[in-house]
Structure formats: structure tokens, C-alpha cells
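Asker: Before I ask anything, let me first share the structure, which is written out below as C-alpha cells.
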Amino acid sequence: MARFEMNSAEIAGMGAQAVTADVFFQMGLDHSIGRSGAVDMVAAHMWFNLAAARGNRDAARRRQEVAAEMTAAEVAEAQRQAREWMRCH
């Protein structure tokens, strides 16, 4: 898989249909390991959730792994953010 050099703002500026599951998956990886700064499990879960919704099976597995390290409140926030992203894009 190719490495995508994009940030959240760049993805937000793209048309929703233009963003592939692979881009979402890469964003989840970046946030889960802190590649672009601090580790952010809520953001990682959100991006993996969006990738899984686009059919990426690895994202669904990674989302479960990330969720196992999060509180119920954090998972709920990640899900809320994913819904909000889909609503706005």
C-alpha cells in the first residue's frame, strides 16, 4: 500500500467521494502511532471507522484493536466524530 502524505485539513478539503478507504486507513495508522505528533486514539478510531465504512477490512480490525485501549466515552466520541465527518462531507 502506498504511503499517503495528507493531513486532516487536506482530506476535509477533498470531495467526500474522492477520499478512498486507503486514505482513511492511513490516517488511522498515523494517529494510532503518533506519526504526525501525539498518539490520538479517538482520531485513529474515527479514521479507521470511516475506512471500514468504505470497505477496508483491515480498518475494521484495527478499529477493534484501538477500541480495546479506549474508554467507552472515548469510543463514543470517536463514533460521534465519524458521524459528524460523514454528515459534513
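Ordered as shown in the C-alpha cells, chains take letters A, B, and onward, while each chain numbers its residues from 1 and ligands are numbered from 1 in the order shown.
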Using only C-alpha atoms, which residues sit within 12 Å of A:Ala78 once same-chain residues fewer than 6 positions away are excluded, as JSON, numbers by chain?

Answerer: {"A": [28, 40, 41, 42, 43, 44, 45, 46, 47, 48, 49, 50, 63, 66, 67, 70, 71, 72, 84, 85]}

Asker: Take the residues that were just selected and, keeping C-alpha atoms, output them as a PDB file, in the first residue's frame.

Answerer:
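Written out: out.pdb:
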```
ATOM      1  CA  GLY A  28      -5.936   5.953  11.275  1.00  0.00           C
ATOM      2  CA  ASP A  40      -4.620  10.204  19.315  1.00  0.00           C
ATOM      3  CA  MET A  41      -6.707   7.068  19.723  1.00  0.00           C
ATOM      4  CA  VAL A  42     -10.022   8.916  19.305  1.00  0.00           C
ATOM      5  CA  ALA A  43      -8.903  10.259  15.931  1.00  0.00           C
ATOM      6  CA  ALA A  44      -7.409   6.879  14.980  1.00  0.00           C
ATOM      7  CA  HIS A  45     -10.716   5.145  15.767  1.00  0.00           C
ATOM      8  CA  MET A  46     -12.622   7.754  13.762  1.00  0.00           C
ATOM      9  CA  TRP A  47     -10.409   7.332  10.664  1.00  0.00           C
ATOM     10  CA  PHE A  48     -10.475   3.528  10.921  1.00  0.00           C
ATOM     11  CA  ASN A  49     -14.250   3.712  11.266  1.00  0.00           C
ATOM     12  CA  LEU A  50     -14.509   5.786   8.090  1.00  0.00           C
ATOM     13  CA  ARG A  63     -10.604  -0.146  14.876  1.00  0.00           C
ATOM     14  CA  VAL A  66      -7.745   0.653  19.086  1.00  0.00           C
ATOM     15  CA  ALA A  67     -11.123   0.458  20.844  1.00  0.00           C
ATOM     16  CA  MET A  70     -10.017   3.244  24.863  1.00  0.00           C
ATOM     17  CA  THR A  71     -12.699   4.054  27.409  1.00  0.00           C
ATOM     18  CA  ALA A  72     -16.357   3.756  26.455  1.00  0.00           C
ATOM     19  CA  GLU A  84     -20.101  14.310  12.008  1.00  0.00           C
ATOM     20  CA  TRP A  85     -17.386  13.918   9.350  1.00  0.00           C
TER      21      TRP A  85
END
```

Asker: Could you list, as a ChimeraX atom specification, every residue within 10 Å of A:Arg54, counting only C-alpha atoms and ignoring same-chain residues fewer than 4 positions away?

Answerer: /A:19-22,24-25,48-50,59

Asker: Export, as an mmCIF file, in the first residue's frame, the selected residues with N, CA and C atoms.

Answerer:
```cif
data_model
loop_
_atom_site.group_PDB
_atom_site.id
_atom_site.type_symbol
_atom_site.label_atom_id
_atom_site.label_comp_id
_atom_site.auth_asym_id
_atom_site.auth_seq_id
_atom_site.Cartn_x
_atom_site.Cartn_y
_atom_site.Cartn_z
ATOM 1 N N VAL A 19 -12.214 10.672 -1.546
ATOM 2 C CA VAL A 19 -11.383 10.086 -0.496
ATOM 3 C C VAL A 19 -11.596 8.574 -0.486
ATOM 4 N N THR A 20 -10.516 7.836 -0.652
ATOM 5 C CA THR A 20 -10.623 6.386 -0.686
ATOM 6 C C THR A 20 -10.492 5.799 0.715
ATOM 7 N N ALA A 21 -10.897 4.566 0.861
ATOM 8 C CA ALA A 21 -10.749 3.859 2.132
ATOM 9 C C ALA A 21 -9.284 3.794 2.541
ATOM 10 N N ASP A 22 -8.382 3.688 1.569
ATOM 11 C CA ASP A 22 -6.949 3.623 1.882
ATOM 12 C C ASP A 22 -6.446 4.911 2.521
ATOM 13 N N PHE A 24 -8.290 6.998 4.369
ATOM 14 C CA PHE A 24 -8.807 6.961 5.733
ATOM 15 C C PHE A 24 -7.989 5.997 6.598
ATOM 16 N N PHE A 25 -7.679 4.831 6.041
ATOM 17 C CA PHE A 25 -6.906 3.828 6.777
ATOM 18 C C PHE A 25 -5.537 4.387 7.167
ATOM 19 N N PHE A 48 -10.269 4.953 11.213
ATOM 20 C CA PHE A 48 -10.475 3.528 10.921
ATOM 21 C C PHE A 48 -11.955 3.240 10.688
ATOM 22 N N ASN A 49 -12.812 3.903 11.439
ATOM 23 C CA ASN A 49 -14.250 3.712 11.266
ATOM 24 C C ASN A 49 -14.681 4.156 9.864
ATOM 25 N N LEU A 50 -14.183 5.298 9.431
ATOM 26 C CA LEU A 50 -14.509 5.786 8.090
ATOM 27 C C LEU A 50 -13.958 4.853 7.011
ATOM 28 N N ALA A 59 -9.132 -2.037 8.294
ATOM 29 C CA ALA A 59 -9.539 -0.920 9.150
ATOM 30 C C ALA A 59 -10.493 -1.385 10.238
#
```

Asker: Would you compute the distance between atom CA of A:Arg62 and atom CA of A:His89? Give it in Å to one decimal.

Answerer: 23.1 Å

Asker: Work out how far atom CA of A:Gly37 is from atom CA of A:Gly55, in Å to one decimal.

Answerer: 27.2 Å

Asker: Could you pull out all residues of stretch 21-69 of chain A with a DSSP call of helix (DSSP H, G or I) and give them as a ChimeraX atom specification?

Answerer: /A:21-33,41-53,57-67
